[in-house]
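A.B. asks: Have a peek at entry-v7.pdb (PDB, C-alpha atoms and all ligand atoms).
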```
ATOM      1  CA  MET Q 255      62.247   0.569 -30.802  1.00  0.00           C
ATOM      2  CA  TYR Q 256      59.809   3.497 -30.528  1.00  0.00           C
ATOM      3  CA  LEU Q 257      56.502   1.598 -30.488  1.00  0.00           C
ATOM      4  CA  GLU Q 258      57.184  -1.768 -28.918  1.00  0.00           C
ATOM      5  CA  GLU Q 259      53.743  -3.288 -28.533  1.00  0.00           C
ATOM      6  CA  VAL Q 260      50.283  -3.177 -30.106  1.00  0.00           C
ATOM      7  CA  LYS Q 261      47.893  -5.277 -28.052  1.00  0.00           C
ATOM      8  CA  MET Q 262      44.376  -6.283 -29.140  1.00  0.00           C
ATOM      9  CA  THR Q 263      41.731  -5.202 -26.622  1.00  0.00           C
ATOM     10  CA  PHE Q 264      38.447  -5.873 -28.433  1.00  0.00           C
ATOM     11  CA  ILE Q 265      37.153  -7.851 -31.424  1.00  0.00           C
ATOM     12  CA  GLN Q 266      33.641  -8.515 -32.759  1.00  0.00           C
ATOM     13  CA  PRO Q 267      31.726  -8.928 -36.054  1.00  0.00           C
ATOM     14  CA  CYS Q 268      30.858  -5.672 -37.875  1.00  0.00           C
ATOM     15  CA  THR Q 269      27.318  -4.425 -37.090  1.00  0.00           C
ATOM     16  CA  ALA Q 270      25.763  -4.935 -40.520  1.00  0.00           C
ATOM     17  CA  ASP Q 271      28.263  -7.312 -42.081  1.00  0.00           C
ATOM     18  CA  ALA Q 272      28.905 -10.470 -40.080  1.00  0.00           C
ATOM     19  CA  GLU Q 273      31.469 -11.533 -42.698  1.00  0.00           C
ATOM     20  CA  ARG Q 274      33.811  -8.803 -41.498  1.00  0.00           C
ATOM     21  CA  ILE Q 275      35.202  -7.872 -38.104  1.00  0.00           C
ATOM     22  CA  ARG Q 276      36.035  -4.731 -36.197  1.00  0.00           C
ATOM     23  CA  PHE Q 277      38.678  -4.573 -33.529  1.00  0.00           C
ATOM     24  CA  LYS Q 278      40.620  -2.246 -31.268  1.00  0.00           C
ATOM     25  CA  ALA Q 279      44.196  -2.413 -30.061  1.00  0.00           C
ATOM     26  CA  LYS Q 280      46.228  -0.427 -27.547  1.00  0.00           C
ATOM     27  CA  PHE Q 281      49.715   1.041 -28.059  1.00  0.00           C
ATOM     28  CA  SER Q 282      52.454   0.696 -25.451  1.00  0.00           C
ATOM     29  CA  ILE Q 283      53.198   4.453 -25.787  1.00  0.00           C
ATOM     30  CA  ASP Q 284      51.392   7.616 -26.913  1.00  0.00           C
ATOM     31  CA  ILE Q 285      52.305   8.125 -30.592  1.00  0.00           C
ATOM     32  CA  SER Q 286      50.327  11.377 -31.186  1.00  0.00           C
ATOM     33  CA  GLU Q 287      53.513  13.271 -32.148  1.00  0.00           C
ATOM     34  CA  ILE Q 288      54.026  10.930 -35.130  1.00  0.00           C
ATOM     35  CA  LEU Q 289      50.547  11.309 -36.658  1.00  0.00           C
ATOM     36  CA  PRO Q 290      51.339  14.507 -38.684  1.00  0.00           C
ATOM     37  CA  TYR Q 291      54.424  12.752 -40.085  1.00  0.00           C
ATOM     38  CA  ILE Q 292      52.376   9.732 -41.159  1.00  0.00           C
ATOM     39  CA  ASN Q 293      49.869  12.188 -42.648  1.00  0.00           C
ATOM     40  CA  SER Q 294      52.673  13.585 -44.764  1.00  0.00           C
ATOM     41  CA  VAL Q 295      53.910  10.165 -45.896  1.00  0.00           C
ATOM     42  CA  VAL Q 296      50.576   8.410 -46.574  1.00  0.00           C
ATOM     43  CA  LYS Q 297      49.050  10.535 -49.335  1.00  0.00           C
ATOM     44  CA  ASP Q 298      45.417   9.465 -48.905  1.00  0.00           C
ATOM     45  CA  ALA Q 299      45.389   9.525 -45.091  1.00  0.00           C
ATOM     46  CA  ILE Q 300      42.797  11.652 -43.294  1.00  0.00           C
ATOM     47  CA  TYR Q 301      44.265  13.467 -40.296  1.00  0.00           C
ATOM     48  CA  ASN Q 302      42.021  15.118 -37.736  1.00  0.00           C
ATOM     49  CA  LYS Q 303      44.213  17.411 -35.655  1.00  0.00           C
ATOM     50  CA  LYS Q 304      41.390  18.329 -33.284  1.00  0.00           C
ATOM     51  CA  ILE Q 305      41.052  14.810 -31.955  1.00  0.00           C
ATOM     52  CA  GLN Q 306      44.483  13.521 -32.938  1.00  0.00           C
ATOM     53  CA  SER Q 307      43.398  10.736 -35.265  1.00  0.00           C
ATOM     54  CA  LEU Q 308      44.575   9.531 -38.632  1.00  0.00           C
ATOM     55  CA  THR Q 309      42.588   7.204 -40.886  1.00  0.00           C
ATOM     56  CA  ILE Q 310      43.945   5.064 -43.671  1.00  0.00           C
ATOM     57  CA  ARG Q 311      41.652   3.141 -46.033  1.00  0.00           C
ATOM     58  CA  LYS Q 312      43.019  -0.127 -47.351  1.00  0.00           C
ATOM     59  CA  GLU Q 313      40.466  -1.137 -50.005  1.00  0.00           C
ATOM     60  CA  PHE Q 314      37.271  -1.583 -47.924  1.00  0.00           C
ATOM     61  CA  ARG Q 315      39.087  -1.660 -44.568  1.00  0.00           C
ATOM     62  CA  ILE Q 316      39.055   1.441 -42.356  1.00  0.00           C
ATOM     63  CA  ILE Q 317      42.108   1.804 -40.116  1.00  0.00           C
ATOM     64  CA  THR Q 318      42.037   4.673 -37.610  1.00  0.00           C
ATOM     65  CA  ILE Q 319      45.133   5.414 -35.566  1.00  0.00           C
ATOM     66  CA  TYR Q 320      44.790   7.504 -32.387  1.00  0.00           C
ATOM     67  CA  GLY Q 321      47.509   8.594 -29.976  1.00  0.00           C
ATOM     68  CA  ASN Q 322      47.109   5.604 -27.719  1.00  0.00           C
ATOM     69  CA  ASP Q 323      45.180   3.082 -29.741  1.00  0.00           C
ATOM     70  CA  LEU Q 324      43.909   1.743 -33.026  1.00  0.00           C
ATOM     71  CA  ALA Q 325      40.350   1.066 -34.271  1.00  0.00           C
ATOM     72  CA  VAL Q 326      39.742  -1.018 -37.392  1.00  0.00           C
ATOM     73  CA  SER Q 327      36.490  -1.822 -39.235  1.00  0.00           C
ATOM     74  CA  LYS Q 328      35.763  -4.289 -42.028  1.00  0.00           C
ATOM     75  CA  ALA Q 329      38.820  -6.487 -41.508  1.00  0.00           C
ATOM     76  CA  VAL Q 330      38.451  -9.929 -43.047  1.00  0.00           C
ATOM     77  CA  ASN Q 331      39.258 -12.122 -40.042  1.00  0.00           C
ATOM     78  CA  GLU Q 332      41.299 -12.357 -36.856  1.00  0.00           C
ATOM     79  CA  SER Q 333      44.509 -13.341 -38.578  1.00  0.00           C
ATOM     80  CA  GLU Q 334      44.212 -10.273 -40.827  1.00  0.00           C
ATOM     81  CA  ALA Q 335      43.639  -8.196 -37.686  1.00  0.00           C
ATOM     82  CA  TYR Q 336      47.071  -9.250 -36.422  1.00  0.00           C
ATOM     83  CA  GLU Q 337      48.609  -8.436 -39.820  1.00  0.00           C
ATOM     84  CA  ILE Q 338      47.079  -4.941 -39.669  1.00  0.00           C
ATOM     85  CA  MET Q 339      48.429  -4.446 -36.140  1.00  0.00           C
ATOM     86  CA  ASP Q 340      51.938  -5.358 -37.391  1.00  0.00           C
ATOM     87  CA  LEU Q 341      51.527  -3.101 -40.407  1.00  0.00           C
ATOM     88  CA  VAL Q 342      50.572  -0.128 -38.235  1.00  0.00           C
ATOM     89  CA  LYS Q 343      53.423  -0.845 -35.821  1.00  0.00           C
ATOM     90  CA  ASP Q 344      55.908  -0.896 -38.736  1.00  0.00           C
ATOM     91  CA  LEU Q 345      54.413   2.270 -40.223  1.00  0.00           C
ATOM     92  CA  VAL Q 346      54.750   4.118 -36.898  1.00  0.00           C
ATOM     93  CA  ASN Q 347      58.299   2.887 -36.247  1.00  0.00           C
ATOM     94  CA  ASN Q 348      59.535   3.509 -39.803  1.00  0.00           C
ATOM     95  CA  THR Q 349      58.032   6.992 -39.801  1.00  0.00           C
ATOM     96  CA  TYR Q 350      59.573   7.742 -36.401  1.00  0.00           C
ATOM     97  CA  GLU Q 351      63.021   6.647 -37.616  1.00  0.00           C
ATOM     98  CA  ARG Q 352      62.753   8.942 -40.661  1.00  0.00           C
ATOM     99  CA  LYS Q 353      61.041  11.794 -38.877  1.00  0.00           C
ATOM    100  CA  ASP Q 354      63.941  14.263 -39.302  1.00  0.00           C
ATOM    101  CA  GLU Q 355      63.625  13.940 -43.106  1.00  0.00           C
ATOM    102  CA  ILE Q 356      59.838  14.382 -43.183  1.00  0.00           C
ATOM    103  CA  GLU Q 357      57.922  17.671 -43.170  1.00  0.00           C
ATOM    104  CA  PRO Q 358      54.924  17.089 -40.855  1.00  0.00           C
ATOM    105  CA  LEU Q 359      51.521  17.873 -42.353  1.00  0.00           C
ATOM    106  CA  TYR Q 360      48.800  19.117 -39.983  1.00  0.00           C
ATOM    107  CA  GLU Q 361      46.028  19.611 -42.553  1.00  0.00           C
ATOM    108  CA  MET Q 362      43.038  17.371 -43.155  1.00  0.00           C
ATOM    109  CA  ARG Q 363      43.234  16.689 -46.900  1.00  0.00           C
ATOM    110  CA  GLU Q 364      39.741  15.286 -47.290  1.00  0.00           C
ATOM    111  CA  LYS Q 365      36.998  17.436 -45.799  1.00  0.00           C
ATOM    112  CA  PRO Q 366      33.895  15.907 -44.241  1.00  0.00           C
ATOM    113  CA  ASP Q 367      30.903  15.716 -46.577  1.00  0.00           C
ATOM    114  CA  ILE Q 368      27.772  16.725 -44.654  1.00  0.00           C
ATOM    115  CA  LEU Q 369      25.404  15.624 -47.430  1.00  0.00           C
ATOM    116  CA  GLU Q 370      27.027  12.208 -47.642  1.00  0.00           C
ATOM    117  CA  VAL Q 371      26.273  11.610 -43.937  1.00  0.00           C
ATOM    118  CA  TYR Q 372      22.813  13.193 -44.263  1.00  0.00           C
ATOM    119  CA  LYS Q 373      21.987  10.724 -47.032  1.00  0.00           C
ATOM    120  CA  TYR Q 374      22.004   7.883 -44.470  1.00  0.00           C
ATOM    121  CA  LEU Q 375      20.122   9.654 -41.656  1.00  0.00           C
ATOM    122  CA  PRO Q 376      16.392   8.825 -41.210  1.00  0.00           C
ATOM    123  CA  LYS Q 377      15.386  12.342 -42.473  1.00  0.00           C
ATOM    124  CA  LEU Q 378      12.439  12.546 -40.057  1.00  0.00           C
ATOM    125  CA  ASN Q 379      13.385  15.947 -38.630  1.00  0.00           C
ATOM    126  CA  CYS Q 380      11.858  14.650 -35.378  1.00  0.00           C
ATOM    127  CA  LYS Q 381      14.217  16.771 -33.186  1.00  0.00           C
ATOM    128  CA  LYS Q 382      14.793  13.871 -30.756  1.00  0.00           C
ATOM    129  CA  CYS Q 383      18.545  14.428 -31.070  1.00  0.00           C
ATOM    130  CA  GLY Q 384      18.142  18.038 -29.930  1.00  0.00           C
ATOM    131  CA  GLU Q 385      18.704  19.488 -33.416  1.00  0.00           C
ATOM    132  CA  ALA Q 386      16.027  21.158 -35.529  1.00  0.00           C
ATOM    133  CA  THR Q 387      16.728  19.021 -38.598  1.00  0.00           C
ATOM    134  CA  CYS Q 388      18.624  15.911 -39.666  1.00  0.00           C
ATOM    135  CA  LEU Q 389      20.834  18.154 -41.800  1.00  0.00           C
ATOM    136  CA  ALA Q 390      21.832  20.212 -38.749  1.00  0.00           C
ATOM    137  CA  PHE Q 391      22.537  16.959 -36.884  1.00  0.00           C
ATOM    138  CA  SER Q 392      24.710  15.780 -39.780  1.00  0.00           C
ATOM    139  CA  SER Q 393      26.740  18.991 -39.646  1.00  0.00           C
ATOM    140  CA  LYS Q 394      27.231  18.732 -35.857  1.00  0.00           C
ATOM    141  CA  LEU Q 395      28.231  15.062 -36.147  1.00  0.00           C
ATOM    142  CA  LEU Q 396      31.042  15.966 -38.494  1.00  0.00           C
ATOM    143  CA  SER Q 397      32.285  18.772 -36.285  1.00  0.00           C
ATOM    144  CA  GLY Q 398      32.335  16.423 -33.283  1.00  0.00           C
ATOM    145  CA  MET Q 399      29.586  18.372 -31.470  1.00  0.00           C
ATOM    146  CA  GLN Q 400      26.988  15.588 -31.690  1.00  0.00           C
ATOM    147  CA  ASN Q 401      26.991  11.841 -31.205  1.00  0.00           C
ATOM    148  CA  ILE Q 402      25.189   9.333 -33.428  1.00  0.00           C
ATOM    149  CA  LYS Q 403      23.840   7.720 -30.221  1.00  0.00           C
ATOM    150  CA  LYS Q 404      21.519  10.753 -29.878  1.00  0.00           C
ATOM    151  CA  CYS Q 405      19.566   9.737 -32.986  1.00  0.00           C
ATOM    152  CA  GLY Q 406      17.121   7.083 -31.757  1.00  0.00           C
ATOM    153  CA  PRO Q 407      15.477   6.310 -35.134  1.00  0.00           C
ATOM    154  CA  ILE Q 408      18.730   5.289 -36.820  1.00  0.00           C
ATOM    155  CA  HIS Q 409      19.245   2.642 -34.138  1.00  0.00           C
ATOM    156  CA  GLU Q 410      16.011   0.876 -35.069  1.00  0.00           C
ATOM    157  CA  GLU Q 411      16.457  -2.569 -36.667  1.00  0.00           C
ATOM    158  CA  ASP Q 412      15.308  -1.401 -40.126  1.00  0.00           C
ATOM    159  CA  ASN Q 413      18.061   1.217 -40.223  1.00  0.00           C
ATOM    160  CA  LYS Q 414      20.919  -1.111 -39.260  1.00  0.00           C
ATOM    161  CA  GLU Q 415      22.722  -0.736 -42.582  1.00  0.00           C
ATOM    162  CA  LYS Q 416      22.354   3.048 -42.596  1.00  0.00           C
ATOM    163  CA  LEU Q 417      23.803   3.189 -39.087  1.00  0.00           C
ATOM    164  CA  TYR Q 418      26.703   1.044 -40.267  1.00  0.00           C
ATOM    165  CA  GLU Q 419      27.429   3.489 -43.121  1.00  0.00           C
ATOM    166  CA  VAL Q 420      27.272   6.537 -40.852  1.00  0.00           C
ATOM    167  CA  GLU Q 421      29.484   4.881 -38.226  1.00  0.00           C
ATOM    168  CA  ASN Q 422      32.064   4.070 -40.906  1.00  0.00           C
ATOM    169  CA  MET Q 423      32.032   7.651 -42.209  1.00  0.00           C
ATOM    170  CA  LEU Q 424      32.456   8.993 -38.679  1.00  0.00           C
ATOM    171  CA  GLN Q 425      35.321   6.605 -38.064  1.00  0.00           C
ATOM    172  CA  ILE Q 426      37.035   7.862 -41.224  1.00  0.00           C
ATOM    173  CA  MET Q 427      36.901  11.364 -39.740  1.00  0.00           C
ATOM    174  CA  GLY Q 428      38.330   9.964 -36.500  1.00  0.00           C
ATOM    175  CA  TYR Q 429      35.142   9.957 -34.420  1.00  0.00           C
ATOM    176  CA  GLU Q 430      34.260   6.815 -32.492  1.00  0.00           C
TER     177      GLU Q 430
HETATM  178  S1  LIG Q 501      16.875  12.220 -34.058  1.00  0.00           S
HETATM  179 FE1  LIG Q 501      17.646  11.444 -36.013  1.00  0.00          FE
HETATM  180  S2  LIG Q 501      15.845  11.452 -37.336  1.00  0.00           S
HETATM  181 FE2  LIG Q 501      15.370  12.794 -35.622  1.00  0.00          FE
HETATM  182  S3  LIG Q 501      16.024  14.865 -36.283  1.00  0.00           S
HETATM  183 FE3  LIG Q 501      17.740  13.970 -35.196  1.00  0.00          FE
HETATM  184  S4  LIG Q 501      18.954  13.063 -36.825  1.00  0.00           S
HETATM  185 FE4  LIG Q 501      16.932  13.374 -37.687  1.00  0.00          FE
END
```
With the file now loaded, output its structure as C-alpha cells.
C.D. replies:
Amino acid sequence: MYLEEVKMTFIQPCTADAERIRFKAKFSIDISEILPYINSVVKDAIYNKKIQSLTIRKEFRIITIYGNDLAVSKAVNESEAYEIMDLVKDLVNNTYERKDEIEPLYEMREKPDILEVYKYLPKLNCKKCGEATCLAFSSKLLSGMQNIKKCGPIHEEDNKEKLYEVENMLQIMGYE
C-alpha cells in the first residue's frame, strides 16, 4: 500500500463554533507527487502548487491535504474525524493505483478572491500589519506574503467570527 498510515496529531473545537472540531493528522509518507493527480480527479478541488496543498470541501467541512499531513476544519465530531482520515487515505491510495491513467493537473481552478477576504478584515487601515491598507493586506495574505497573525485588531474578542471566516478562506487556499 502506498499510504499506510494517517495518524491524528491534534484536535480541538473550532474557534468560533464549539459545535464543530478542527484536527490535524500526519501521513506515514510524503504524498506531494499525488496531489496534481487528485486535483485532476476531484473536480472542485483547489490545488496550490506553490505550497503543495489541495483542498476539498465536503458540504461545510474544509479538508486540506499537504504533502506530509492533513488539516480539517468544521468536522462534526471525533468519530467523523476518523472517517475523514480513512476517506483521504483511500483517495490517495486509489489515485496512486490509477496514476498511469490520469493526466495530472497543476492549475488552481478557483482563484483567490481578495475582496471576499477583505470583507472580513477590520477595515481600520491602521498599518499595524505593515501594510498601508487592509486591502493591500488582503492581497498579500492570498499570495502567501502575509500572515493573519500580523493583524492585531482581528484577534480582538469582538472580531472572533470574522477571524474564523478569514482563517477558513486561507485554509481553502492551502495557507495555515
Ligand atoms: S492591521 Fe489589520 S486592521 Fe490594521 S491595516 Fe492591517 S489588516 Fe487592516
A.B. asks: Counting only C-alpha atoms and all ligand atoms, what are the residues, protein, DNA or RNA alike, that approach ligand LIG 501 (chain Q) to within 9 Å? I want them as a ChimeraX atom specification.
C.D. replies: /Q:372,375-392,402,404-408
A.B. asks: Write out as a CSV table (one decimal) with C-alpha atoms, in the frame of the given file which residues come within 12 Å of stretch 328-330 of chain Q when counting all atoms listed in the file, dropping same-chain ones fewer than 5 positions away.
C.D. replies:
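As a result, out.csv now contains:
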```
chain,number,residue,atom,x,y,z
Q,265,ILE,CA,37.2,-7.9,-31.4
Q,266,GLN,CA,33.6,-8.5,-32.8
Q,267,PRO,CA,31.7,-8.9,-36.1
Q,268,CYS,CA,30.9,-5.7,-37.9
Q,269,THR,CA,27.3,-4.4,-37.1
Q,270,ALA,CA,25.8,-4.9,-40.5
Q,271,ASP,CA,28.3,-7.3,-42.1
Q,272,ALA,CA,28.9,-10.5,-40.1
Q,273,GLU,CA,31.5,-11.5,-42.7
Q,274,ARG,CA,33.8,-8.8,-41.5
Q,275,ILE,CA,35.2,-7.9,-38.1
Q,276,ARG,CA,36.0,-4.7,-36.2
Q,277,PHE,CA,38.7,-4.6,-33.5
Q,278,LYS,CA,40.6,-2.2,-31.3
Q,311,ARG,CA,41.7,3.1,-46.0
Q,312,LYS,CA,43.0,-0.1,-47.4
Q,313,GLU,CA,40.5,-1.1,-50.0
Q,314,PHE,CA,37.3,-1.6,-47.9
Q,315,ARG,CA,39.1,-1.7,-44.6
Q,316,ILE,CA,39.1,1.4,-42.4
Q,317,ILE,CA,42.1,1.8,-40.1
Q,318,THR,CA,42.0,4.7,-37.6
Q,335,ALA,CA,43.6,-8.2,-37.7
Q,336,TYR,CA,47.1,-9.2,-36.4
Q,337,GLU,CA,48.6,-8.4,-39.8
Q,338,ILE,CA,47.1,-4.9,-39.7
Q,339,MET,CA,48.4,-4.4,-36.1
Q,418,TYR,CA,26.7,1.0,-40.3
Q,419,GLU,CA,27.4,3.5,-43.1
Q,421,GLU,CA,29.5,4.9,-38.2
Q,422,ASN,CA,32.1,4.1,-40.9
Q,425,GLN,CA,35.3,6.6,-38.1
```
A.B. asks: Expand the PyMOL selection byres (((chain Q and resi 321) around 7) and not hetatm) into the individual residues it matches in the shown file, reporting them as a list of chain:residue names.
C.D. replies: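 So the PyMOL selection byres (((chain Q and resi 321) around 7) and not hetatm) ends up selecting Q:Asp284, Q:Ile285, Q:Ser286, Q:Gln306, Q:Ile319, Q:Tyr320, Q:Asn322, Q:Asp323.
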A.B. asks: Quick one: pull the distance between atom CA of Q:Leu324 and atom CA of Q:Leu308, Å, one decimal.
C.D. replies: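 Between these atoms lies a distance of 9.6 Å.
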A.B. asks: The PyMOL selection byres (((chain Q and resi 262) around 7) and not hetatm) on the file shown: which residues, as a CSV table (one decimal) with C-alpha atoms, keeping the file's coordinate frame?
C.D. replies:
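Okay, this is what ended up in result-v4.csv:
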```csv
chain,number,residue,atom,x,y,z
Q,260,VAL,CA,50.3,-3.2,-30.1
Q,261,LYS,CA,47.9,-5.3,-28.1
Q,263,THR,CA,41.7,-5.2,-26.6
Q,264,PHE,CA,38.4,-5.9,-28.4
Q,278,LYS,CA,40.6,-2.2,-31.3
Q,279,ALA,CA,44.2,-2.4,-30.1
Q,280,LYS,CA,46.2,-0.4,-27.5
```
A.B. asks: Counting all atoms listed in the file, find the residues whose atoms lie at most 10 Å from (62.1, 1.1, -32.6) (file coordinates) and write them out as a ChimeraX atom specification.
C.D. replies: /Q:255-258,343-344,346-348,350-351
A.B. asks: Any idea what's packed within 9 Å of Q:Glu364, counting all atoms listed in the file, ignoring anything in its chain fewer than 6 positions away? Could you give it as a PDB file with C-alpha atoms, keeping the file's coordinate frame?
C.D. replies:
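This is the output file selection-v2.pdb:
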```pdb
ATOM      1  CA  ASP Q 298      45.417   9.465 -48.905  1.00  0.00           C
ATOM      2  CA  ALA Q 299      45.389   9.525 -45.091  1.00  0.00           C
ATOM      3  CA  ILE Q 300      42.797  11.652 -43.294  1.00  0.00           C
ATOM      4  CA  TYR Q 301      44.265  13.467 -40.296  1.00  0.00           C
ATOM      5  CA  MET Q 427      36.901  11.364 -39.740  1.00  0.00           C
TER       6      MET Q 427
END
```
A.B. asks: Can you pull out the residues contacting Q:Lys297? Cut-off 12 Å, using only C-alpha atoms, and skip same-chain residues under 5 positions away; I want them as a VMD selection string.
C.D. replies: chain Q and resid 290 to 292 308 to 311 359 361 to 364
A.B. asks: Could you please determine the separation between atom CA of Q:Asn413 and atom CA of Q:Glu334 in Å, to one decimal place?
C.D. replies: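 Going from atom CA of Q:Asn413 over to atom CA of Q:Glu334 covers 28.6 Å.
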A.B. asks: Grab the atom CA of Q:Gln400 to atom CA of Q:Glu287 distance for me, in Å with one decimal place.
C.D. replies: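 Separation between atom CA of Q:Gln400 and atom CA of Q:Glu287: 26.6 Å.
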A.B. asks: Nearest residue to Q:Lys416 out of Q:Lys373, Q:Asp367, Q:Ser282, Q:Val296, using only C-alpha atoms?
C.D. replies: Q:Lys373
A.B. asks: Hey, which of Q:Ile283, Q:Leu369, Q:Ile356, Q:Val342 ends up closest to Q:Val420? Count only C-alpha atoms.
C.D. replies: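 Closest to Q:Val420 of all the choices is Q:Leu369.
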